[in-house]
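**Q** The structure file protein28.txt (compact mmCIF, C-alpha atoms) is provided below.
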```txt
# COMPACT_ATOMS: atom_id res chain seq x y z
CA MET A 1 -22.83 -5.91 16.66
CA PRO A 2 -22.51 -4.76 13.01
CA ILE A 3 -19.38 -2.62 13.43
CA TYR A 4 -16.68 -2.28 10.77
CA VAL A 5 -13.27 -0.65 11.18
CA TYR A 6 -11.11 -0.11 8.09
CA TRP A 7 -7.69 1.50 8.36
CA GLY A 8 -4.49 1.82 6.35
CA GLU A 9 -2.72 3.83 3.67
CA ASP A 10 -4.38 2.21 0.66
CA ASP A 11 -7.17 4.76 0.21
CA PHE A 12 -8.46 3.18 -2.98
CA ALA A 13 -8.79 -0.28 -1.46
CA ILE A 14 -10.62 1.20 1.52
CA ALA A 15 -12.96 3.10 -0.81
CA LYS A 16 -13.75 -0.15 -2.67
CA ALA A 17 -14.46 -1.94 0.61
CA VAL A 18 -16.74 0.91 1.73
CA THR A 19 -18.64 0.74 -1.57
CA THR A 20 -19.06 -3.02 -1.21
CA LEU A 21 -20.38 -2.65 2.33
CA ARG A 22 -22.70 0.19 1.33
CA ASP A 23 -24.15 -1.80 -1.57
CA ARG A 24 -24.72 -4.78 0.69
CA VAL A 25 -26.37 -2.86 3.53
CA LEU A 26 -28.49 -0.22 1.82
CA ASP A 27 -31.59 -0.52 -0.29
CA PRO A 28 -31.08 1.82 -3.31
CA LEU A 29 -34.58 3.25 -2.93
CA TRP A 30 -34.00 4.21 0.70
CA THR A 31 -30.34 5.29 0.61
CA SER A 32 -31.06 8.99 1.21
CA PHE A 33 -32.89 8.09 4.43
CA ASN A 34 -30.55 5.43 5.80
CA TYR A 35 -27.04 6.50 4.80
CA THR A 36 -25.11 9.17 6.71
CA SER A 37 -21.42 10.07 6.59
CA PHE A 38 -19.63 12.35 9.03
CA PRO A 39 -16.39 14.04 7.88
CA PRO A 40 -13.59 14.59 10.41
CA GLU A 41 -14.14 18.37 10.28
CA ASP A 42 -17.30 17.97 12.37
CA SER A 43 -16.20 18.50 15.97
CA ASP A 44 -18.95 16.28 17.36
CA ALA A 45 -18.97 13.75 14.49
CA ALA A 46 -18.49 10.76 16.79
CA ILE A 47 -21.40 11.64 19.09
CA GLN A 48 -23.66 12.45 16.13
CA GLY A 49 -22.71 9.20 14.44
CA LEU A 50 -23.40 7.10 17.52
CA ASN A 51 -26.79 8.77 17.93
CA GLN A 52 -27.58 8.28 14.25
CA VAL A 53 -26.71 4.57 14.24
CA MET A 54 -29.33 4.03 16.97
CA THR A 55 -32.06 5.62 14.84
CA PRO A 56 -34.57 3.06 13.46
CA VAL A 57 -34.24 2.19 9.78
CA PHE A 58 -36.69 3.79 7.35
CA GLY A 59 -38.21 1.48 4.75
CA ALA A 60 -36.28 -1.48 3.37
CA GLY A 61 -32.64 -2.45 3.77
CA GLY A 62 -30.37 -1.39 6.61
CA ARG A 63 -28.79 1.77 7.96
CA LEU A 64 -25.14 2.72 7.45
CA VAL A 65 -23.36 5.40 9.46
CA TRP A 66 -19.81 6.23 8.37
CA LEU A 67 -17.29 8.11 10.53
CA MET A 68 -14.79 9.18 7.88
CA ASN A 69 -11.09 9.52 8.76
CA THR A 70 -11.99 9.40 12.42
CA ASN A 71 -9.36 9.85 15.12
CA LEU A 72 -11.17 7.71 17.70
CA LEU A 73 -8.47 5.07 17.28
CA GLN A 74 -5.71 7.56 18.05
CA ASN A 75 -7.32 9.97 20.51
CA CYS A 76 -10.69 9.42 22.17
CA PRO A 77 -12.04 11.94 24.73
CA GLU A 78 -13.64 10.55 27.87
CA ASN A 79 -17.15 11.66 26.95
CA VAL A 80 -16.90 9.95 23.55
CA LEU A 81 -15.46 6.80 25.16
CA ALA A 82 -18.40 6.72 27.56
CA GLU A 83 -20.84 7.05 24.65
CA LEU A 84 -19.01 4.30 22.76
CA THR A 85 -19.23 2.00 25.75
CA ARG A 86 -22.97 2.60 26.09
CA THR A 87 -23.77 2.33 22.40
CA LEU A 88 -21.67 -0.39 20.75
CA SER A 89 -23.32 -3.33 22.50
CA VAL A 90 -26.88 -2.19 21.73
CA ILE A 91 -26.64 -1.17 18.06
CA PRO A 92 -29.61 -2.70 16.18
CA GLU A 93 -28.81 -5.64 13.92
CA ASN A 94 -29.85 -3.75 10.80
CA SER A 95 -27.77 -0.66 11.63
CA PHE A 96 -24.10 -0.64 10.64
CA LEU A 97 -21.37 1.58 12.06
CA LEU A 98 -18.30 2.10 9.86
CA LEU A 99 -15.10 3.81 10.98
CA THR A 100 -12.19 4.52 8.63
CA CYS A 101 -8.77 6.13 9.18
CA ARG A 102 -5.31 6.16 7.61
CA ASN A 103 -3.16 5.94 10.73
CA LYS A 104 -2.49 2.75 12.64
CA PRO A 105 -4.82 2.33 15.64
CA ASP A 106 -3.24 2.90 19.02
CA GLU A 107 -3.60 -0.50 20.69
CA ARG A 108 -3.17 1.09 24.13
CA LEU A 109 -6.34 3.16 23.91
CA LYS A 110 -9.52 1.90 25.56
CA SER A 111 -11.50 2.98 22.49
CA THR A 112 -9.31 0.86 20.20
CA LYS A 113 -9.59 -2.16 22.48
CA LEU A 114 -13.36 -1.72 22.69
CA LEU A 115 -13.80 -1.37 18.93
CA LYS A 116 -11.49 -4.27 18.19
CA GLN A 117 -13.43 -6.45 20.60
CA SER A 118 -16.83 -5.38 19.26
CA ALA A 119 -16.14 -5.14 15.52
CA THR A 120 -17.48 -7.63 13.03
CA GLU A 121 -14.49 -6.72 10.88
CA PHE A 122 -11.35 -4.90 12.01
CA ARG A 123 -9.24 -4.77 8.87
CA GLU A 124 -6.03 -3.15 7.70
CA PHE A 125 -5.55 -1.98 4.11
CA PRO A 126 -1.79 -1.49 3.86
CA LEU A 127 0.18 -0.42 0.83
CA ILE A 128 2.39 -3.26 -0.32
CA PRO A 129 6.06 -2.28 -0.04
CA PRO A 130 7.20 -1.63 -3.64
CA TRP A 131 10.17 -3.98 -3.27
CA LYS A 132 8.02 -6.99 -2.28
CA THR A 133 7.65 -8.27 -5.84
CA GLU A 134 5.79 -11.48 -4.94
CA LEU A 135 3.06 -9.60 -3.09
CA LEU A 136 2.68 -7.10 -5.95
CA ILE A 137 2.26 -9.93 -8.46
CA GLN A 138 -0.20 -11.60 -6.12
CA ALA A 139 -2.20 -8.35 -5.94
CA VAL A 140 -2.19 -8.11 -9.75
CA ASN A 141 -3.51 -11.65 -10.12
CA GLN A 142 -6.18 -11.02 -7.49
CA ALA A 143 -7.28 -7.84 -9.28
CA ALA A 144 -7.32 -9.71 -12.60
CA GLN A 145 -9.59 -12.35 -11.11
CA THR A 146 -11.89 -9.67 -9.67
CA VAL A 147 -12.15 -7.76 -12.95
CA GLY A 148 -12.31 -10.87 -15.10
CA VAL A 149 -9.00 -10.63 -16.97
CA LYS A 150 -6.69 -13.52 -17.76
CA LEU A 151 -2.95 -12.85 -17.63
CA THR A 152 0.13 -14.88 -18.43
CA PRO A 153 2.70 -15.08 -15.60
CA LYS A 154 5.00 -12.73 -17.52
CA SER A 155 2.27 -10.17 -18.23
CA ALA A 156 1.29 -10.21 -14.53
CA GLU A 157 4.92 -9.54 -13.66
CA LEU A 158 5.13 -6.66 -16.14
CA LEU A 159 1.92 -5.16 -14.82
CA ALA A 160 3.17 -5.37 -11.23
CA GLU A 161 6.39 -3.66 -12.29
CA ALA A 162 4.44 -0.92 -14.06
CA VAL A 163 1.89 0.03 -11.38
CA GLY A 164 3.81 -0.86 -8.20
CA ASN A 165 1.59 -0.55 -5.12
CA ASP A 166 -0.79 1.99 -6.64
CA THR A 167 -4.09 0.10 -6.30
CA ARG A 168 -6.10 2.76 -8.09
CA LEU A 169 -3.76 2.67 -11.10
CA LEU A 170 -3.81 -1.14 -11.04
CA TYR A 171 -7.60 -1.32 -11.36
CA ASN A 172 -7.66 1.45 -13.98
CA GLU A 173 -5.13 -0.40 -16.13
CA MET A 174 -6.90 -3.71 -15.50
CA GLU A 175 -10.18 -2.23 -16.73
CA LYS A 176 -8.38 -1.02 -19.86
CA LEU A 177 -7.06 -4.54 -20.47
CA ARG A 178 -10.53 -6.00 -19.89
CA LEU A 179 -12.06 -3.72 -22.50
CA TYR A 180 -9.25 -4.54 -24.94
CA ALA A 181 -9.68 -8.30 -24.48
CA GLU A 182 -13.48 -8.06 -24.64
CA ASP A 183 -14.90 -11.59 -24.25
CA SER A 184 -11.73 -13.40 -25.27
CA ASN A 185 -10.76 -16.40 -23.12
CA ARG A 186 -7.12 -16.14 -24.13
CA PRO A 187 -4.67 -14.73 -21.55
CA ILE A 188 -3.30 -11.27 -22.30
CA GLU A 189 0.30 -11.52 -23.49
CA GLU A 190 3.18 -9.36 -22.29
CA ASN A 191 3.44 -7.41 -25.56
CA THR A 192 -0.15 -6.22 -25.05
CA VAL A 193 0.67 -5.04 -21.54
CA THR A 194 3.75 -3.24 -22.85
CA ARG A 195 1.67 -1.40 -25.46
CA LEU A 196 -1.34 -0.49 -23.33
CA VAL A 197 -0.13 0.01 -19.75
CA ARG A 198 1.57 3.30 -18.99
CA ASN A 199 4.68 3.67 -16.84
CA THR A 200 6.14 0.33 -17.93
CA THR A 201 9.46 1.97 -18.80
CA HIS A 202 10.85 3.10 -15.47
CA ASN A 203 10.07 2.58 -11.82
CA SER A 204 11.88 2.97 -8.53
CA LEU A 205 13.20 -0.59 -8.53
CA GLN A 206 14.88 0.07 -11.87
CA LEU A 207 16.38 3.19 -10.31
CA ALA A 208 17.79 1.04 -7.50
CA ALA A 209 19.24 -1.36 -10.07
CA ALA A 210 20.93 1.49 -11.96
CA ILE A 211 22.44 2.81 -8.72
CA ARG A 212 23.65 -0.68 -7.78
CA VAL A 213 25.75 -0.94 -10.94
CA GLY A 214 26.91 2.67 -10.65
CA ASP A 215 25.28 3.81 -13.90
CA THR A 216 24.88 7.50 -13.03
CA ALA A 217 23.48 8.63 -16.39
CA LYS A 218 20.79 5.94 -16.44
CA ALA A 219 19.90 6.55 -12.78
CA LEU A 220 19.42 10.28 -13.35
CA THR A 221 17.30 9.58 -16.45
CA ILE A 222 15.05 7.20 -14.53
CA LEU A 223 14.79 9.68 -11.65
CA ALA A 224 13.72 12.43 -14.10
CA ASP A 225 11.09 10.13 -15.63
CA LEU A 226 9.72 9.27 -12.19
CA ILE A 227 9.51 12.92 -11.20
CA ASN A 228 7.84 13.83 -14.50
CA ALA A 229 5.31 11.04 -13.90
CA ALA A 230 4.47 12.68 -10.52
CA GLU A 231 5.82 9.75 -8.51
CA PRO A 232 5.97 10.93 -4.87
CA GLU A 233 9.53 11.53 -3.72
CA LEU A 234 8.99 9.73 -0.41
CA ARG A 235 7.70 6.67 -2.25
CA ILE A 236 10.81 6.64 -4.45
CA ILE A 237 13.06 6.88 -1.41
CA ALA A 238 11.09 4.25 0.53
CA THR A 239 11.54 1.83 -2.36
CA LEU A 240 15.28 2.52 -2.53
CA ILE A 241 15.67 2.04 1.23
CA GLY A 242 13.73 -1.21 1.13
CA GLN A 243 15.69 -2.57 -1.81
CA PHE A 244 19.09 -1.65 -0.39
CA ARG A 245 18.09 -3.07 2.98
CA THR A 246 17.17 -6.35 1.27
CA TRP A 247 20.49 -6.42 -0.59
CA LEU A 248 22.32 -5.68 2.65
CA TRP A 249 20.65 -8.56 4.50
CA VAL A 250 21.38 -10.99 1.68
CA LYS A 251 25.03 -9.89 1.51
CA LEU A 252 25.37 -10.02 5.30
CA MET A 253 23.99 -13.56 5.48
CA VAL A 254 26.18 -14.78 2.63
CA GLU A 255 29.30 -13.16 4.12
CA SER A 256 28.53 -14.84 7.46
CA GLY A 257 28.59 -18.22 5.72
CA GLU A 258 24.87 -18.89 5.46
CA ARG A 259 23.99 -20.99 2.41
CA ASN A 260 20.39 -22.01 3.15
CA PRO A 261 18.10 -19.91 0.88
CA GLN A 262 15.19 -20.28 3.29
CA ALA A 263 17.22 -18.93 6.21
CA ILE A 264 18.42 -15.99 4.10
CA ALA A 265 14.89 -15.32 2.88
CA GLN A 266 13.55 -15.31 6.42
CA ALA A 267 16.22 -12.87 7.62
CA ALA A 268 15.66 -10.57 4.62
CA GLU A 269 11.85 -10.85 4.90
CA ILE A 270 11.54 -12.28 1.39
CA GLY A 271 8.47 -14.40 0.78
CA ASN A 272 9.91 -16.55 -2.01
CA PRO A 273 13.26 -18.26 -1.23
CA LYS A 274 13.77 -18.86 -4.96
CA ARG A 275 14.56 -15.14 -5.31
CA ILE A 276 17.65 -15.51 -3.13
CA TYR A 277 19.74 -16.88 -6.00
CA PHE A 278 19.03 -13.81 -8.14
CA LEU A 279 19.59 -11.42 -5.22
CA GLN A 280 22.94 -13.07 -4.54
CA GLN A 281 23.92 -12.43 -8.15
CA GLU A 282 22.84 -8.80 -7.86
CA VAL A 283 24.99 -8.08 -4.78
CA GLN A 284 27.99 -10.09 -5.95
CA SER A 285 29.78 -7.02 -7.32
CA LEU A 286 29.15 -4.97 -4.16
CA SER A 287 31.00 -5.21 -0.89
CA LEU A 288 29.31 -5.32 2.49
CA ARG A 289 30.90 -1.96 3.32
CA GLN A 290 29.41 -0.35 0.19
CA LEU A 291 25.91 -1.53 1.04
CA ILE A 292 26.24 -0.41 4.65
CA SER A 293 27.42 3.02 3.47
CA CYS A 294 24.44 3.48 1.13
CA LEU A 295 21.76 3.32 3.81
CA PRO A 296 22.83 6.43 5.79
CA LEU A 297 22.74 8.47 2.55
CA LEU A 298 19.22 7.25 1.81
CA LEU A 299 18.00 7.83 5.37
CA GLU A 300 19.48 11.34 5.31
CA LEU A 301 17.65 12.00 2.06
CA GLU A 302 14.40 10.71 3.58
CA VAL A 303 14.72 13.09 6.54
CA THR A 304 15.42 16.01 4.20
CA VAL A 305 12.30 15.28 2.13
CA LYS A 306 10.11 14.84 5.20
CA GLN A 307 11.27 18.22 6.48
CA GLY A 308 10.13 19.79 3.23
CA ARG A 309 13.60 21.00 2.27
CA ALA A 310 14.20 18.70 -0.70
CA GLU A 311 14.58 20.09 -4.19
CA ILE A 312 15.15 18.08 -7.35
CA SER A 313 18.82 19.04 -7.25
CA ILE A 314 19.21 17.45 -3.79
CA LEU A 315 17.69 14.21 -5.05
CA GLN A 316 20.02 14.27 -8.03
CA ILE A 317 23.07 14.92 -5.85
CA LYS A 318 22.26 11.99 -3.56
CA ILE A 319 21.66 9.68 -6.54
CA ILE A 320 25.07 10.68 -7.95
CA GLU A 321 26.72 10.06 -4.56
CA LEU A 322 25.10 6.63 -4.33
CA CYS A 323 26.20 5.71 -7.83
CA GLN A 324 29.77 6.81 -7.10
CA LEU A 325 29.73 4.80 -3.89
CA CYS A 326 28.64 1.68 -5.76
CA GLN A 327 31.34 2.21 -8.42
CA ARG A 328 34.16 1.93 -5.92
CA ILE A 329 35.88 -1.40 -5.51
```
Rewrite the coordinates I just gave you, this time as structure tokens.
**A**
Amino acid sequence: MPIYVYWGEDDFAIAKAVTTLRDRVLDPLWTSFNYTSFPPEDSDAAIQGLNQVMTPVFGAGGRLVWLMNTNLLQNCPENVLAELTRTLSVIPENSFLLLTCRNKPDERLKSTKLLKQSATEFREFPLIPPWKTELLIQAVNQAAQTVGVKLTPKSAELLAEAVGNDTRLLYNEMEKLRLYAEDSNRPIEENTVTRLVRNTTHNSLQLAAAIRVGDTAKALTILADLINAAEPELRIIATLIGQFRTWLWVKLMVESGERNPQAIAQAAEIGNPKRIYFLQQEVQSLSLRQLISCLPLLLELEVTVKQGRAEISILQIKIIELCQLCQRI
């Protein structure tokens, strides 16, 4: 049963996976006959797609039917569920059904269970949390291998800091580095990354670091740079919440007497226990009460932004409040 389900918030990674599948399934000379996509605006897209995937292939290659941004994994009417049940098990071997969506599938739905059971590939494409540095560096190294670029460990770290979890930006910058390096077998040094890759000056983690030491002027400058670079406000706040939550867990474990880095890393959901030493140094100047007090301010800010009532001044006010909170002994 050649059925593929891709879901998650990383739109660019999903688009790359769709392109890879399309290139593998379709013969270029017969694409116009054997490739059909159904946007979510079509009220009967699911039924049309299921009918189309049963249509015999024309010419060479296979057939690919794509239900784009479908809601079958969140809400599936009975008539569509019945059609799914009848169709999935009898799809021809050279016909491929692809479903994509951003939202997490509802595991309670019969349609989700059926698709998960029938799918050749049921894959999530999540955005890496911006504060999970190890995963970001791992993604950079994976992209470098895919594109054919060699990086030093420090240049990979700088690139991860610059692009964060923006996969599209990562591959764009990686392509720029590939063209710059041409056919050179030498790894790209950090000074090259600093010169060529945009947004290496400020990111949300640096904003968190400025708040942590109570440097109000620097924090407001970084915030302004992020806003001017069109960084989404919710992404900035999500990074701050994640970073302060990590600091809180580390401080809480240390205050409770825990000294095992692996135990602290597990509690704080940190992949590399070697980072614990540096995190302990970062939270040394902050009390447990300060860190606990920061999270409600950030969560309040997140709610305000999600309700569409946030202006730049509100963001600035909250950043100032957080800096003042971290300045207090």
**Q** List the spatial neighbours of A:Val197 as an MDAnalysis selection string - criterion: any atom at most 10 Å away, only C-alpha atoms, same-chain residues fewer than 4 positions off excluded.
**A** chainID A and resid 158:159 162:163 169:170 172:174 176:177 192:193 201
**Q** Go through A:Leu81, A:Ile320, A:Val57, A:Ala15 and flag the residue nearest A:Ala217, using only C-alpha atoms for the distances.
**A**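 Of A:Leu81, A:Ile320, A:Val57, A:Ala15, the one nearest A:Ala217, counting only C-alpha atoms, is A:Ile320.
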**Q** Rank A:Phe12, A:Pro296, A:Val283, A:Ala229 by their smallest atom-to-atom distance to A:Asn165, using only C-alpha atoms, and report the top residue only.
**A**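 Ranking A:Phe12, A:Pro296, A:Val283, A:Ala229 by distance to A:Asn165, first place goes to A:Phe12.
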**Q** By how many Å are atom CA of A:Glu190 and atom CA of A:Lys154 apart?
**A**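 Atom-to-atom, atom CA of A:Glu190 and atom CA of A:Lys154 are spaced 6.1 Å apart.
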**Q** Residues within 12 Å of A:Glu182, please, as a PyMOL selection string. Count all atoms listed in the file; anything in the same chain fewer than 4 positions from it doesn't count.
**A** chain A and resi 147-150+175-178+186-188
**Q** For A:Val250, which residue among A:Gly59, A:Pro92, A:Pro105, A:Pro273 is the nearest when counting all atoms listed in the file?
**A** A:Pro273
**Q** Looking at all atoms listed in the file, which of A:Leu109, A:Leu315, A:Val18, A:Cys101 is the one that sits closest to A:Pro39?
**A**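 Between A:Leu109, A:Leu315, A:Val18, A:Cys101, the residue approaching A:Pro39 most closely is A:Cys101.
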**Q** Within 12 Å of stretch 25-35 of chain A, counting all atoms listed in the file, which residues qualify if same-chain residues fewer than 4 places away don't, as a PDB file with C-alpha atoms, in the frame of the given file?
**A**
```pdb
ATOM      1  CA  PRO A   2     -22.510  -4.760  13.010  1.00  0.00           C
ATOM      2  CA  VAL A  18     -16.740   0.910   1.730  1.00  0.00           C
ATOM      3  CA  THR A  19     -18.640   0.740  -1.570  1.00  0.00           C
ATOM      4  CA  THR A  20     -19.060  -3.020  -1.210  1.00  0.00           C
ATOM      5  CA  LEU A  21     -20.380  -2.650   2.330  1.00  0.00           C
ATOM      6  CA  GLY A  49     -22.710   9.200  14.440  1.00  0.00           C
ATOM      7  CA  GLN A  52     -27.580   8.280  14.250  1.00  0.00           C
ATOM      8  CA  VAL A  53     -26.710   4.570  14.240  1.00  0.00           C
ATOM      9  CA  MET A  54     -29.330   4.030  16.970  1.00  0.00           C
ATOM     10  CA  THR A  55     -32.060   5.620  14.840  1.00  0.00           C
ATOM     11  CA  PRO A  56     -34.570   3.060  13.460  1.00  0.00           C
ATOM     12  CA  VAL A  57     -34.240   2.190   9.780  1.00  0.00           C
ATOM     13  CA  PHE A  58     -36.690   3.790   7.350  1.00  0.00           C
ATOM     14  CA  GLY A  59     -38.210   1.480   4.750  1.00  0.00           C
ATOM     15  CA  ALA A  60     -36.280  -1.480   3.370  1.00  0.00           C
ATOM     16  CA  GLY A  61     -32.640  -2.450   3.770  1.00  0.00           C
ATOM     17  CA  GLY A  62     -30.370  -1.390   6.610  1.00  0.00           C
ATOM     18  CA  ARG A  63     -28.790   1.770   7.960  1.00  0.00           C
ATOM     19  CA  LEU A  64     -25.140   2.720   7.450  1.00  0.00           C
ATOM     20  CA  VAL A  65     -23.360   5.400   9.460  1.00  0.00           C
ATOM     21  CA  TRP A  66     -19.810   6.230   8.370  1.00  0.00           C
ATOM     22  CA  LEU A  67     -17.290   8.110  10.530  1.00  0.00           C
ATOM     23  CA  GLU A  93     -28.810  -5.640  13.920  1.00  0.00           C
ATOM     24  CA  ASN A  94     -29.850  -3.750  10.800  1.00  0.00           C
ATOM     25  CA  SER A  95     -27.770  -0.660  11.630  1.00  0.00           C
ATOM     26  CA  PHE A  96     -24.100  -0.640  10.640  1.00  0.00           C
ATOM     27  CA  LEU A  97     -21.370   1.580  12.060  1.00  0.00           C
ATOM     28  CA  LEU A  98     -18.300   2.100   9.860  1.00  0.00           C
TER      29      LEU A  98
END
```
**Q** What is the distance, in Å and to one decimal place, between atom CA of A:Glu189 and atom CA of A:Ala139?
**A**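 One can read the atom CA of A:Glu189 to atom CA of A:Ala139 distance as 18.0 Å.
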**Q** I'd like the contact shell of A:Gln262 - 10 Å cut-off, all atoms listed in the file, skipping same-chain residues fewer than 6 positions apart - returned as a ChimeraX atom specification.
**A** /A:268,270-274,276
**Q** Which residues come within 6 Å of stretch 245-248 of chain A, counting all atoms listed in the file, excluding same-chain residues fewer than 3 positions away, as a PyMOL selection string?
**A** chain A and resi 241-242+251-252+268+291
**Q** Take atom CA of A:Arg86 and atom CA of A:Ala46 and report the distance between them in Å, one decimal.
**A**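 Atom CA of A:Ala46 lies 13.2 Å from atom CA of A:Arg86.
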**Q** Any chance you could work out the axis-aligned box around stretch 106-118 of chain A, listed atoms only, 4 Å on each side, giving centre and edge lengths in Å to one decimal, as AutoDock Vina command-line options?
**A**
```
--center_x -10.0 --center_y -1.6 --center_z 21.9 --size_x 21.7 --size_y 17.6 --size_z 15.4
```
**Q** Could you give me stretch 216-229 of chain A completed to N, CA, C and O atoms, formatted as a JSON list (two decimals), keeping the file's coordinate frame?
**A**
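And here is the file that came out, out-v9.json:
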```json
[["chain", "number", "residue", "atom", "x", "y", "z"],
["A", 216, "THR", "N", 25.40, 6.20, -13.44],
["A", 216, "THR", "CA", 24.88, 7.50, -13.03],
["A", 216, "THR", "C", 23.94, 8.10, -14.07],
["A", 216, "THR", "O", 22.87, 8.61, -13.72],
["A", 217, "ALA", "N", 24.31, 8.03, -15.34],
["A", 217, "ALA", "CA", 23.48, 8.63, -16.39],
["A", 217, "ALA", "C", 22.10, 7.98, -16.44],
["A", 217, "ALA", "O", 21.07, 8.66, -16.51],
["A", 218, "LYS", "N", 22.08, 6.65, -16.40],
["A", 218, "LYS", "CA", 20.79, 5.94, -16.44],
["A", 218, "LYS", "C", 19.96, 6.24, -15.19],
["A", 218, "LYS", "O", 18.75, 6.43, -15.27],
["A", 219, "ALA", "N", 20.62, 6.28, -14.03],
["A", 219, "ALA", "CA", 19.90, 6.55, -12.78],
["A", 219, "ALA", "C", 19.25, 7.92, -12.80],
["A", 219, "ALA", "O", 18.09, 8.08, -12.39],
["A", 220, "LEU", "N", 19.98, 8.92, -13.29],
["A", 220, "LEU", "CA", 19.42, 10.28, -13.35],
["A", 220, "LEU", "C", 18.27, 10.36, -14.36],
["A", 220, "LEU", "O", 17.30, 11.09, -14.15],
["A", 221, "THR", "N", 18.38, 9.61, -15.45],
["A", 221, "THR", "CA", 17.30, 9.58, -16.45],
["A", 221, "THR", "C", 16.05, 8.96, -15.86],
["A", 221, "THR", "O", 14.93, 9.48, -16.03],
["A", 222, "ILE", "N", 16.21, 7.85, -15.16],
["A", 222, "ILE", "CA", 15.05, 7.20, -14.53],
["A", 222, "ILE", "C", 14.44, 8.10, -13.47],
["A", 222, "ILE", "O", 13.22, 8.22, -13.37],
["A", 223, "LEU", "N", 15.29, 8.76, -12.67],
["A", 223, "LEU", "CA", 14.79, 9.68, -11.65],
["A", 223, "LEU", "C", 13.96, 10.80, -12.31],
["A", 223, "LEU", "O", 12.87, 11.14, -11.81],
["A", 224, "ALA", "N", 14.45, 11.36, -13.41],
["A", 224, "ALA", "CA", 13.72, 12.43, -14.10],
["A", 224, "ALA", "C", 12.38, 11.92, -14.61],
["A", 224, "ALA", "O", 11.36, 12.62, -14.50],
["A", 225, "ASP", "N", 12.35, 10.71, -15.14],
["A", 225, "ASP", "CA", 11.09, 10.13, -15.63],
["A", 225, "ASP", "C", 10.10, 9.93, -14.49],
["A", 225, "ASP", "O", 8.90, 10.17, -14.64],
["A", 226, "LEU", "N", 10.60, 9.48, -13.35],
["A", 226, "LEU", "CA", 9.72, 9.27, -12.19],
["A", 226, "LEU", "C", 9.14, 10.59, -11.69],
["A", 226, "LEU", "O", 7.95, 10.68, -11.37],
["A", 227, "ILE", "N", 9.98, 11.60, -11.65],
["A", 227, "ILE", "CA", 9.51, 12.92, -11.20],
["A", 227, "ILE", "C", 8.49, 13.48, -12.19],
["A", 227, "ILE", "O", 7.45, 14.03, -11.80],
["A", 228, "ASN", "N", 8.77, 13.33, -13.47],
["A", 228, "ASN", "CA", 7.84, 13.83, -14.50],
["A", 228, "ASN", "C", 6.51, 13.09, -14.47],
["A", 228, "ASN", "O", 5.48, 13.65, -14.85],
["A", 229, "ALA", "N", 6.54, 11.83, -14.01],
["A", 229, "ALA", "CA", 5.31, 11.04, -13.90],
["A", 229, "ALA", "C", 4.60, 11.28, -12.57],
["A", 229, "ALA", "O", 3.65, 10.58, -12.24]]
```
